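Raw contents of query34.txt, compact mmCIF, C-alpha atoms and all ligand atoms:
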# COMPACT_ATOMS: atom_id res chain seq x y z
CA MET T 1 -12.44 33.86 -6.12
CA ILE T 2 -14.19 30.80 -4.87
CA SER T 3 -12.75 28.03 -2.73
CA PRO T 4 -10.74 25.68 -5.00
CA LYS T 5 -11.22 22.91 -2.42
CA MET T 6 -15.01 23.21 -2.51
CA LEU T 7 -15.02 23.62 -6.28
CA GLU T 8 -13.17 20.33 -6.62
CA LEU T 9 -15.49 18.57 -4.16
CA GLY T 10 -18.58 19.91 -5.90
CA LYS T 11 -17.41 19.00 -9.39
CA LYS T 12 -16.18 15.56 -8.56
CA SER T 13 -19.18 13.40 -7.69
CA SER T 14 -18.65 10.09 -5.89
CA VAL T 15 -18.09 6.92 -7.90
CA ILE T 16 -21.32 5.53 -6.42
CA ARG T 17 -23.29 8.54 -7.69
CA GLU T 18 -21.69 8.23 -11.14
CA ILE T 19 -22.73 4.58 -11.36
CA PHE T 20 -26.22 5.46 -10.19
CA GLU T 21 -26.50 8.19 -12.85
CA TYR T 22 -25.30 5.74 -15.51
CA GLY T 23 -28.00 3.35 -14.26
CA LEU T 24 -30.70 5.99 -14.75
CA LYS T 25 -29.59 6.50 -18.38
CA ARG T 26 -29.42 2.77 -19.02
CA LYS T 27 -32.88 2.20 -17.50
CA ALA T 28 -34.30 4.81 -19.88
CA GLU T 29 -32.72 2.87 -22.79
CA ILE T 30 -33.62 -0.72 -21.98
CA GLY T 31 -36.27 -0.54 -19.23
CA ALA T 32 -35.77 -0.37 -15.47
CA GLU T 33 -36.52 -4.05 -15.02
CA ASN T 34 -33.51 -5.01 -17.16
CA VAL T 35 -30.91 -3.04 -15.23
CA PHE T 36 -29.57 -4.65 -12.06
CA ASP T 37 -28.74 -1.53 -10.14
CA PHE T 38 -26.94 -2.40 -6.90
CA SER T 39 -25.22 0.97 -6.53
CA LEU T 40 -26.98 2.97 -3.82
CA GLY T 41 -27.75 2.33 -0.15
CA ASN T 42 -31.25 3.75 -0.37
CA PRO T 43 -33.58 1.59 1.79
CA SER T 44 -36.13 -0.23 -0.37
CA VAL T 45 -38.39 -1.24 2.51
CA PRO T 46 -40.93 1.45 3.45
CA ALA T 47 -40.94 3.05 6.88
CA PRO T 48 -43.42 1.34 9.21
CA PRO T 49 -47.03 2.62 8.82
CA LYS T 50 -46.80 3.91 12.39
CA VAL T 51 -44.43 6.66 11.16
CA THR T 52 -47.01 8.09 8.74
CA GLU T 53 -49.78 7.75 11.32
CA ILE T 54 -47.75 9.69 13.88
CA MET T 55 -46.84 12.30 11.26
CA LYS T 56 -50.50 12.80 10.31
CA LYS T 57 -51.54 13.08 13.94
CA LEU T 58 -48.79 15.57 14.67
CA ILE T 59 -49.76 17.65 11.63
CA ASP T 60 -53.43 17.63 12.66
CA GLU T 61 -52.96 18.25 16.35
CA THR T 62 -49.84 20.36 16.87
CA PRO T 63 -50.03 24.17 16.80
CA ALA T 64 -48.22 25.42 13.69
CA GLU T 65 -45.75 27.52 15.66
CA VAL T 66 -44.59 24.34 17.41
CA LEU T 67 -44.85 21.95 14.45
CA HIS T 68 -42.94 24.20 12.08
CA GLY T 69 -41.09 26.29 14.64
CA TYR T 70 -37.48 26.15 15.78
CA THR T 71 -36.66 23.87 18.66
CA SER T 72 -33.72 24.79 20.83
CA GLY T 73 -30.35 24.47 19.06
CA PRO T 74 -29.43 20.93 20.26
CA GLY T 75 -33.03 19.78 19.77
CA ASP T 76 -36.32 19.66 21.68
CA MET T 77 -35.65 18.91 25.36
CA LYS T 78 -38.53 16.39 25.62
CA VAL T 79 -37.24 14.53 22.57
CA ARG T 80 -33.67 14.48 23.90
CA THR T 81 -34.95 13.27 27.28
CA LYS T 82 -36.84 10.42 25.61
CA ILE T 83 -33.74 9.40 23.66
CA ALA T 84 -31.60 9.50 26.81
CA GLU T 85 -34.20 7.36 28.65
CA TYR T 86 -34.21 4.94 25.72
CA ILE T 87 -30.42 4.61 25.74
CA LYS T 88 -30.49 4.11 29.52
CA SER T 89 -33.11 1.38 29.34
CA LYS T 90 -31.55 -0.41 26.39
CA TYR T 91 -27.87 -0.22 27.34
CA ASN T 92 -25.94 -0.03 30.54
CA VAL T 93 -25.15 3.67 30.12
CA ALA T 94 -26.24 6.62 32.29
CA ALA T 95 -27.39 8.82 29.39
CA THR T 96 -28.80 12.29 30.02
CA ALA T 97 -30.65 14.67 27.71
CA GLY T 98 -27.82 17.17 28.25
CA LEU T 99 -25.50 14.91 26.24
CA VAL T 100 -27.85 14.26 23.30
CA TYR T 101 -27.70 16.56 20.27
CA MET T 102 -30.29 16.16 17.51
CA THR T 103 -28.88 16.21 13.97
CA CYS T 104 -29.78 15.86 10.28
CA GLY T 105 -28.70 12.18 10.13
CA ALA T 106 -25.38 10.38 10.55
CA ALA T 107 -23.53 12.59 8.05
CA ALA T 108 -24.29 15.66 10.14
CA SER T 109 -23.57 13.71 13.35
CA LEU T 110 -20.12 12.84 12.02
CA THR T 111 -19.20 16.27 10.66
CA ILE T 112 -20.34 17.99 13.86
CA THR T 113 -18.47 15.51 16.07
CA LEU T 114 -15.29 15.76 14.02
CA ASN T 115 -15.39 19.54 13.96
CA ALA T 116 -15.98 19.55 17.71
CA ILE T 117 -12.92 17.48 18.56
CA VAL T 118 -10.19 17.83 15.93
CA GLU T 119 -7.55 20.50 15.55
CA ASP T 120 -5.15 21.07 12.65
CA GLY T 121 -2.51 18.35 12.54
CA ASP T 122 -4.70 15.72 14.20
CA GLU T 123 -5.13 12.30 12.66
CA VAL T 124 -8.34 10.29 12.49
CA ILE T 125 -8.13 6.55 11.92
CA VAL T 126 -10.69 4.65 9.87
CA PHE T 127 -10.76 0.95 9.07
CA ALA T 128 -10.72 0.09 5.37
CA PRO T 129 -13.08 -0.68 3.74
CA PHE T 130 -14.85 2.50 4.87
CA PHE T 131 -17.72 4.82 3.90
CA PRO T 132 -16.03 7.14 1.34
CA GLU T 133 -17.48 10.33 2.78
CA TYR T 134 -15.29 9.85 5.88
CA ARG T 135 -12.40 11.31 3.92
CA VAL T 136 -14.40 14.42 3.03
CA PHE T 137 -15.68 14.87 6.60
CA VAL T 138 -12.30 14.31 8.28
CA GLU T 139 -10.32 16.52 5.90
CA GLN T 140 -12.89 19.28 6.00
CA ALA T 141 -12.62 19.30 9.80
CA GLY T 142 -8.89 19.95 9.37
CA ALA T 143 -7.52 16.50 10.23
CA LYS T 144 -5.66 13.86 8.26
CA LEU T 145 -7.43 10.60 7.42
CA VAL T 146 -5.34 7.55 8.29
CA THR T 147 -6.58 4.23 6.95
CA VAL T 148 -5.96 0.88 8.58
CA SER T 149 -6.73 -2.06 6.31
CA CYS T 150 -8.86 -4.83 7.75
CA LYS T 151 -7.78 -8.46 7.41
CA LYS T 152 -8.40 -9.52 3.81
CA GLU T 153 -9.99 -12.86 4.69
CA ASP T 154 -12.80 -11.63 6.96
CA LEU T 155 -12.56 -7.80 6.88
CA GLN T 156 -12.22 -7.67 10.65
CA ILE T 157 -9.84 -5.31 12.49
CA ASP T 158 -6.13 -6.02 12.04
CA PHE T 159 -4.85 -5.09 15.49
CA ASP T 160 -1.15 -5.14 14.57
CA ALA T 161 -1.82 -2.65 11.80
CA LEU T 162 -3.93 -0.53 14.14
CA GLU T 163 -1.24 -0.34 16.81
CA LYS T 164 1.28 0.76 14.20
CA ALA T 165 -1.07 3.44 12.87
CA ILE T 166 -1.73 5.16 16.21
CA THR T 167 0.64 8.09 16.80
CA PRO T 168 0.78 10.99 19.25
CA ASN T 169 -1.32 12.88 16.67
CA THR T 170 -4.20 10.38 16.71
CA LYS T 171 -7.29 12.20 17.92
CA ALA T 172 -10.01 9.72 17.05
CA VAL T 173 -10.87 6.33 15.60
CA ILE T 174 -14.13 5.78 13.71
CA ILE T 175 -15.85 2.41 13.99
CA ASN T 176 -18.84 1.45 11.83
CA SER T 177 -20.56 -1.81 12.74
CA PRO T 178 -22.54 -3.20 10.95
CA ASN T 179 -20.34 -1.87 8.22
CA ASN T 180 -20.90 -0.06 4.97
CA PRO T 181 -19.59 -1.40 2.54
CA SER T 182 -18.90 -4.92 3.87
CA GLY T 183 -21.90 -5.75 6.09
CA VAL T 184 -19.42 -7.09 8.65
CA ILE T 185 -20.17 -6.76 12.38
CA VAL T 186 -17.26 -6.23 14.78
CA PRO T 187 -17.59 -8.99 17.40
CA GLU T 188 -17.75 -7.99 21.06
CA LYS T 189 -14.35 -9.55 21.76
CA ASP T 190 -12.77 -7.31 19.12
CA VAL T 191 -14.48 -4.25 20.56
CA VAL T 192 -12.95 -5.14 23.93
CA LYS T 193 -9.55 -5.57 22.28
CA LEU T 194 -9.93 -2.25 20.47
CA THR T 195 -10.68 -0.45 23.73
CA GLU T 196 -7.64 -2.12 25.35
CA VAL T 197 -5.41 -0.85 22.55
CA LEU T 198 -6.86 2.65 22.77
CA ASN T 199 -6.59 2.77 26.58
CA LYS T 200 -2.98 1.66 26.36
CA LYS T 201 -2.16 4.31 23.75
CA GLN T 202 -4.00 7.02 25.69
CA GLU T 203 -1.84 6.22 28.68
CA GLU T 204 1.35 6.03 26.62
CA TYR T 205 0.74 9.42 24.99
CA GLY T 206 -1.01 11.04 27.96
CA LYS T 207 -3.94 12.19 25.83
CA VAL T 208 -7.53 11.38 24.93
CA ILE T 209 -8.27 9.30 21.85
CA PHE T 210 -11.96 9.45 20.97
CA LEU T 211 -13.81 6.44 19.62
CA ILE T 212 -16.59 7.58 17.30
CA SER T 213 -19.24 4.96 16.65
CA ASP T 214 -21.01 5.63 13.34
CA GLU T 215 -24.09 3.50 13.60
CA PRO T 216 -26.82 4.01 11.01
CA TYR T 217 -27.10 0.22 10.65
CA ARG T 218 -27.24 -0.77 14.35
CA GLU T 219 -30.60 -2.55 14.04
CA LEU T 220 -29.84 -4.25 10.71
CA VAL T 221 -28.47 -7.51 12.09
CA PHE T 222 -29.37 -10.97 10.77
CA THR T 223 -27.48 -13.30 13.07
CA GLY T 224 -28.77 -12.36 16.50
CA GLU T 225 -25.22 -11.25 17.20
CA LYS T 226 -24.87 -8.48 19.74
CA VAL T 227 -23.66 -5.20 18.29
CA ALA T 228 -21.56 -3.83 21.14
CA TYR T 229 -22.76 -0.42 22.35
CA ILE T 230 -19.46 1.44 22.40
CA PRO T 231 -20.12 3.72 25.44
CA GLU T 232 -20.55 0.55 27.53
CA TYR T 233 -16.95 -0.38 26.70
CA TYR T 234 -15.00 2.84 26.30
CA LYS T 235 -15.16 6.09 28.23
CA ASN T 236 -14.11 8.54 25.51
CA SER T 237 -16.78 7.57 23.02
CA VAL T 238 -19.30 9.44 20.91
CA VAL T 239 -22.25 7.76 19.15
CA CYS T 240 -23.35 9.10 15.78
CA TYR T 241 -26.81 7.65 15.25
CA SER T 242 -29.26 7.98 12.36
CA TYR T 243 -32.84 6.94 11.56
CA SER T 244 -32.05 6.84 7.83
CA LYS T 245 -31.60 3.11 7.39
CA ALA T 246 -33.35 1.00 10.05
CA LEU T 247 -36.42 3.25 10.10
CA SER T 248 -36.18 3.92 6.34
CA LEU T 249 -36.21 7.72 6.67
CA PRO T 250 -33.09 8.76 4.72
CA GLY T 251 -34.71 11.80 3.12
CA GLU T 252 -36.06 13.14 6.39
CA ARG T 253 -32.56 13.83 7.70
CA ILE T 254 -32.82 12.91 11.34
CA GLY T 255 -30.40 11.41 13.84
CA TYR T 256 -28.45 12.40 16.93
CA ILE T 257 -25.07 12.59 18.64
CA PHE T 258 -24.66 11.06 22.09
CA VAL T 259 -21.58 11.99 24.10
CA SER T 260 -20.65 9.32 26.64
CA PRO T 261 -21.27 10.53 30.20
CA SER T 262 -18.21 8.69 31.50
CA MET T 263 -15.90 10.76 29.33
CA LYS T 264 -13.63 13.24 31.09
CA ASP T 265 -15.06 16.74 30.60
CA ALA T 266 -18.15 15.34 28.86
CA GLY T 267 -19.90 18.69 29.41
CA ASP T 268 -17.18 20.55 27.53
CA VAL T 269 -17.15 18.01 24.71
CA PHE T 270 -20.91 18.45 24.42
CA ALA T 271 -20.49 22.24 24.45
CA ALA T 272 -17.97 21.85 21.59
CA VAL T 273 -20.55 19.72 19.75
CA CYS T 274 -23.05 22.58 20.18
CA GLY T 275 -20.37 24.99 18.93
CA ALA T 276 -19.62 22.87 15.87
CA GLY T 277 -23.34 22.49 15.14
CA ARG T 278 -23.62 26.25 15.28
CA ALA T 279 -20.52 26.90 13.17
CA LEU T 280 -21.70 24.45 10.52
CA GLY T 281 -25.21 25.91 10.48
CA TYR T 282 -26.78 22.70 11.76
CA VAL T 283 -28.68 23.96 14.82
CA CYS T 284 -32.22 22.69 15.28
CA ALA T 285 -32.72 19.46 13.34
CA PRO T 286 -36.11 19.23 11.53
CA SER T 287 -38.73 19.77 14.26
CA LEU T 288 -41.47 17.53 12.88
CA MET T 289 -39.03 14.66 12.48
CA GLN T 290 -37.70 15.13 16.01
CA TYR T 291 -41.27 14.70 17.33
CA VAL T 292 -41.91 11.72 15.03
CA ILE T 293 -38.86 9.68 15.97
CA SER T 294 -39.39 10.36 19.68
CA GLN T 295 -42.47 8.15 19.34
CA CYS T 296 -40.71 5.43 17.32
CA LEU T 297 -37.52 4.87 19.27
CA ASP T 298 -37.87 1.11 19.34
CA ASP T 299 -39.38 0.67 15.86
CA THR T 300 -37.81 -0.35 12.58
CA ALA T 301 -38.98 -1.00 9.04
CA ASP T 302 -39.45 -4.67 8.15
CA VAL T 303 -35.75 -5.43 8.00
CA SER T 304 -36.39 -9.18 7.55
CA ILE T 305 -36.66 -8.37 3.82
CA TYR T 306 -32.97 -7.46 3.77
CA GLU T 307 -32.13 -10.75 5.43
CA LYS T 308 -34.13 -12.57 2.76
CA ASN T 309 -32.30 -10.60 0.04
CA ARG T 310 -28.97 -11.38 1.64
CA ASN T 311 -29.69 -15.10 1.73
CA ILE T 312 -30.85 -15.29 -1.90
CA LEU T 313 -27.88 -13.28 -3.11
CA TYR T 314 -25.27 -14.98 -0.94
CA ASN T 315 -26.46 -18.49 -1.81
CA GLY T 316 -26.88 -17.61 -5.50
CA LEU T 317 -23.43 -16.06 -5.84
CA THR T 318 -21.55 -18.72 -3.89
CA ASP T 319 -23.35 -21.46 -5.88
CA ILE T 320 -22.10 -19.83 -9.08
CA GLY T 321 -18.56 -19.79 -7.68
CA TYR T 322 -18.03 -16.24 -6.40
CA THR T 323 -16.09 -15.63 -3.19
CA VAL T 324 -18.27 -13.58 -0.88
CA ILE T 325 -17.63 -12.14 2.59
CA LYS T 326 -20.87 -13.21 4.26
CA PRO T 327 -22.48 -10.08 5.69
CA ASP T 328 -24.05 -10.31 9.13
CA GLY T 329 -25.79 -6.97 8.93
CA ALA T 330 -26.52 -3.70 7.05
CA PHE T 331 -27.57 -4.27 3.42
CA TYR T 332 -24.27 -4.53 1.61
CA MET T 333 -22.22 -7.47 0.40
CA PHE T 334 -18.53 -7.53 -0.48
CA VAL T 335 -17.66 -9.87 -3.33
CA LYS T 336 -14.19 -10.72 -4.60
CA SER T 337 -13.50 -9.29 -8.01
CA LEU T 338 -12.84 -11.94 -10.67
CA GLU T 339 -9.72 -10.05 -11.74
CA GLU T 340 -7.18 -8.06 -9.76
CA ASP T 341 -8.46 -4.70 -10.92
CA ALA T 342 -11.93 -4.21 -9.45
CA ASN T 343 -12.55 -1.27 -11.78
CA ALA T 344 -12.03 -3.49 -14.81
CA PHE T 345 -14.34 -6.08 -13.22
CA TYR T 346 -16.98 -3.41 -12.65
CA GLU T 347 -16.68 -2.32 -16.30
CA ARG T 348 -17.14 -5.89 -17.51
CA ALA T 349 -20.14 -6.37 -15.17
CA LYS T 350 -21.73 -3.30 -16.76
CA LYS T 351 -21.90 -5.18 -20.06
CA PHE T 352 -24.33 -7.54 -18.31
CA ASP T 353 -26.19 -4.54 -16.87
CA LEU T 354 -24.95 -5.39 -13.41
CA LEU T 355 -24.17 -2.13 -11.61
CA ILE T 356 -21.85 -2.84 -8.71
CA VAL T 357 -19.34 -0.57 -7.01
CA PRO T 358 -15.58 -1.24 -7.26
CA SER T 359 -13.95 -1.31 -3.82
CA ASP T 360 -11.17 1.21 -4.50
CA SER T 361 -13.41 4.06 -3.38
CA PHE T 362 -13.84 2.24 -0.05
CA GLY T 363 -10.07 2.15 0.48
CA VAL T 364 -9.34 -1.46 -0.53
CA GLU T 365 -8.62 -3.21 -3.81
CA GLY T 366 -9.99 -6.36 -5.36
CA PHE T 367 -13.66 -6.36 -4.29
CA VAL T 368 -16.99 -4.94 -5.39
CA ARG T 369 -19.87 -3.83 -3.20
CA ILE T 370 -23.38 -5.02 -3.91
CA SER T 371 -26.05 -2.93 -2.25
CA TYR T 372 -28.96 -5.34 -1.83
CA CYS T 373 -31.57 -2.95 -0.42
CA VAL T 374 -33.54 -3.54 -3.61
CA ASP T 375 -36.63 -5.44 -4.65
CA THR T 376 -36.18 -9.17 -3.95
CA ALA T 377 -37.40 -9.95 -7.50
CA LEU T 378 -34.55 -7.86 -8.94
CA ILE T 379 -32.04 -9.97 -7.03
CA GLU T 380 -33.62 -13.15 -8.35
CA ARG T 381 -33.59 -11.80 -11.92
CA SER T 382 -29.96 -10.71 -11.59
CA LEU T 383 -28.53 -14.15 -10.82
CA PRO T 384 -28.39 -15.35 -14.45
CA ALA T 385 -26.50 -12.15 -15.30
CA PHE T 386 -24.01 -12.85 -12.50
CA LYS T 387 -23.65 -16.38 -13.86
CA ALA T 388 -23.05 -15.10 -17.39
CA LEU T 389 -20.42 -12.67 -16.06
CA TYR T 390 -18.70 -15.48 -14.17
CA GLU T 391 -18.68 -17.70 -17.25
CA ASP T 392 -17.34 -14.85 -19.35
CA TYR T 393 -14.24 -14.94 -17.13
CA LYS T 394 -13.99 -18.72 -17.01
CA ASN T 395 -14.20 -19.02 -20.78
CA GLU T 396 -11.49 -16.54 -21.63
N1 LIG F 1 -22.28 6.49 7.72
C1 LIG F 1 -22.40 5.42 6.93
C2 LIG F 1 -21.53 4.24 7.19
C3 LIG F 1 -23.33 5.39 5.90
O1 LIG F 1 -23.44 4.30 5.12
C4 LIG F 1 -24.14 6.52 5.67
C5 LIG F 1 -25.09 6.57 4.56
O2 LIG F 1 -25.14 5.75 3.68
C6 LIG F 1 -23.98 7.63 6.52
C7 LIG F 1 -23.04 7.57 7.53
C8 LIG F 1 -24.82 8.85 6.35
O3 LIG F 1 -26.12 8.58 6.82
P1 LIG F 1 -27.28 9.64 6.88
O4 LIG F 1 -28.13 9.43 5.69
O5 LIG F 1 -28.03 9.33 8.15
O6 LIG F 1 -26.67 10.99 6.91
Render the structure in this file as structure tokens.
Amino acid sequence: MISPKMLELGKKSSVIREIFEYGLKRKAEIGAENVFDFSLGNPSVPAPPKVTEIMKKLIDETPAEVLHGYTSGPGDMKVRTKIAEYIKSKYNVAATAGLVYMTCGAAASLTITLNAIVEDGDEVIVFAPFFPEYRVFVEQAGAKLVTVSCKKEDLQIDFDALEKAITPNTKAVIINSPNNPSGVIVPEKDVVKLTEVLNKKQEEYGKVIFLISDEPYRELVFTGEKVAYIPEYYKNSVVCYSYSKALSLPGERIGYIFVSPSMKDAGDVFAAVCGAGRALGYVCAPSLMQYVISQCLDDTADVSIYEKNRNILYNGLTDIGYTVIKPDGAFYMFVKSLEEDANAFYERAKKFDLLIVPSDSFGVEGFVRISYCVDTALIERSLPAFKALYEDYKNE
């Protein structure tokens, strides 16, 4: 027989994917320009030209056995050294290549990290709203996902709820700032508070609680606000980084794990990361992409386009009358549903060819997510549809 758990996972696609597939069908019916598809978080801004130039040069000048060959399991040592040097120069953290593990993007970074640290019976806390795949990753690693709802008014951490949720079984907390799906950034003062809570609980229970920072959106910030670099604030932290979003390379599957050097037994935690990478079949992230990103560590796509999109959409929607949580980063916006049931709201929006994602799949009720990493013109064209949807509610 086959694994019933995997069968279920494979058969049941995510709500986001279902909406996207519906969008493809609808576009074939009425033309792509008439469907306002805000479902996926696929970057619309191209990678900087430098990426293609470096790729071409590498293809032309690197011996095939290197270009297409295996690197060592955790990644090419020169690449890992460059990343460690970059982290050291950018943040106040004594990174070393021996604590950097190259991965196929943030998804792989998360699954490897979780498999490295959790044991059966452990609990992993996530703040809702959260990236839906967290549930799959955490449960597959053998732990229980525990959700802590953020404050409804600003989607920031509710510390009372967090304290109540931490138990002797808590092994890790995942933080994602800027956040998918809300675009919210956790302010530095809240990061400090979070580390105080975790330190207190570690002491109380006499155990390590890991703080995993999932940060594919680190560079997508529109306010100049500092996105706290978690290892600067908390010893037992692991960074799960990805080049999918800020460098617009989601299909190239490249990122890394960085284990904080100030963690107790950091070497063993890193060895467990290597073990999990091996057990999951993830050794040796794509070689060409490792070499490419090592030359683009401080580069991003033109992310100002997302800021422009955010402003047009935020101003347009609030002018119409929608309640919007103003996003400070990433390329997602959380909008209050015009009725209690966000699924019903999503269905009604579909009638106006607005494809938005109901918030239930992100672990909260009453909102929809708009993914605005789309053509700016599409956002402008969508505003009359949002207005018509709003009026449809007001006139009932
Ligand atoms: N974490 C979050 C919060 C995300 O939004 C995503 C992708 O959308 C991922 C992880 C996975 O990223 P990657 O494509 O680098 O695997």
Requested in this report: List all protein, DNA and RNA residues that have an atom no more than 8 Å from any atom of ligand LIG 1 (chain F), counting only C-alpha atoms and all ligand atoms, and report them as an NGL selection string.
Outcome: :T and (41-42 or 104-110 or 130-131 or 133-134 or 176 or 179-181 or 214-217 or 241-245 or 250-251 or 253-255)
Report task. Might you pull out every residue within 12 Å of Thr318 in chain T, with only C-alpha atoms counted and same-chain residues fewer than 5 positions away left off, and present them as a list of chain:residue names? Result ->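 With the cut-off at 12 Å, the set is T:Arg310, T:Asn311, T:Ile312, T:Leu313, T:Thr323, T:Val324, T:Ile325, T:Lys326, T:Val335, T:Lys336, T:Leu383, T:Phe386, T:Lys387, T:Tyr390.
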With C-alpha atoms retained, export the selected residues as a PDB file, keeping the file's coordinate frame.
ATOM      1  CA  ARG T 310     -28.970 -11.380   1.640  1.00  0.00           C
ATOM      2  CA  ASN T 311     -29.690 -15.100   1.730  1.00  0.00           C
ATOM      3  CA  ILE T 312     -30.850 -15.290  -1.900  1.00  0.00           C
ATOM      4  CA  LEU T 313     -27.880 -13.280  -3.110  1.00  0.00           C
ATOM      5  CA  THR T 323     -16.090 -15.630  -3.190  1.00  0.00           C
ATOM      6  CA  VAL T 324     -18.270 -13.580  -0.880  1.00  0.00           C
ATOM      7  CA  ILE T 325     -17.630 -12.140   2.590  1.00  0.00           C
ATOM      8  CA  LYS T 326     -20.870 -13.210   4.260  1.00  0.00           C
ATOM      9  CA  VAL T 335     -17.660  -9.870  -3.330  1.00  0.00           C
ATOM     10  CA  LYS T 336     -14.190 -10.720  -4.600  1.00  0.00           C
ATOM     11  CA  LEU T 383     -28.530 -14.150 -10.820  1.00  0.00           C
ATOM     12  CA  PHE T 386     -24.010 -12.850 -12.500  1.00  0.00           C
ATOM     13  CA  LYS T 387     -23.650 -16.380 -13.860  1.00  0.00           C
ATOM     14  CA  TYR T 390     -18.700 -15.480 -14.170  1.00  0.00           C
TER      15      TYR T 390
END
Report task. Report the distance between CA of Phe367 in chain T and CA of Val239 in chain T in Å, rounded to one decimal place. Result -> 28.7 Å
Report task. To one decimal in Å, tell me the separation between CA of Tyr229 in chain T and CA of Lys90 in chain T. Result ->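 Separating CA of Tyr229 in chain T from CA of Lys90 in chain T is a distance of 9.7 Å.
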Query - Nearest residue to Glu232 in chain T from the set T:Pro261, T:Gly206, T:Gly183, T:Pro129 (distances using only C-alpha atoms) - result: T:Pro261
Query - One-decimal distance in Å that lies between CA of Asp154 in chain T and CA of Ala349 in chain T - result: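 Result for CA of Ala349 in chain T versus CA of Asp154 in chain T: 23.9 Å, one decimal.
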Can I get the residues of range 248-336 of chain T within 8 Å of range 77-88 of chain T, each with the closest pair of atoms and their distance in Å to one decimal, using only C-alpha atoms, sorted chain first then ascending number, as a Markdown table?
| residue | atom | partner | partner_atom | distance |
| --- | --- | --- | --- | --- |
| T:Gln290 | CA | T:Val79 | CA | 6.6 |
| T:Tyr291 | CA | T:Val79 | CA | 6.6 |
| T:Ser294 | CA | T:Val79 | CA | 5.5 |
| T:Leu297 | CA | T:Tyr86 | CA | 7.3 |
Can you tell me, as an mmCIF file with C-alpha atoms, keeping the file's coordinate frame, what residues are no more than 8 Å from range 4-15 of chain T when counting all atoms listed in the file, ignoring any on the same chain fewer than 3 positions away?
data_model
loop_
_atom_site.group_PDB
_atom_site.id
_atom_site.type_symbol
_atom_site.label_atom_id
_atom_site.label_comp_id
_atom_site.auth_asym_id
_atom_site.auth_seq_id
_atom_site.Cartn_x
_atom_site.Cartn_y
_atom_site.Cartn_z
ATOM 1 C CA GLU T 18 -21.690 8.230 -11.140
ATOM 2 C CA ILE T 19 -22.730 4.580 -11.360
ATOM 3 C CA VAL T 357 -19.340 -0.570 -7.010
ATOM 4 C CA SER T 361 -13.410 4.060 -3.380
#
Query raised in the report: Taking into account only C-alpha atoms, which residue in the set T:Lys207, T:Arg369, T:His68, T:Lys57 is nearest to Tyr346 in chain T?
Result: T:Arg369
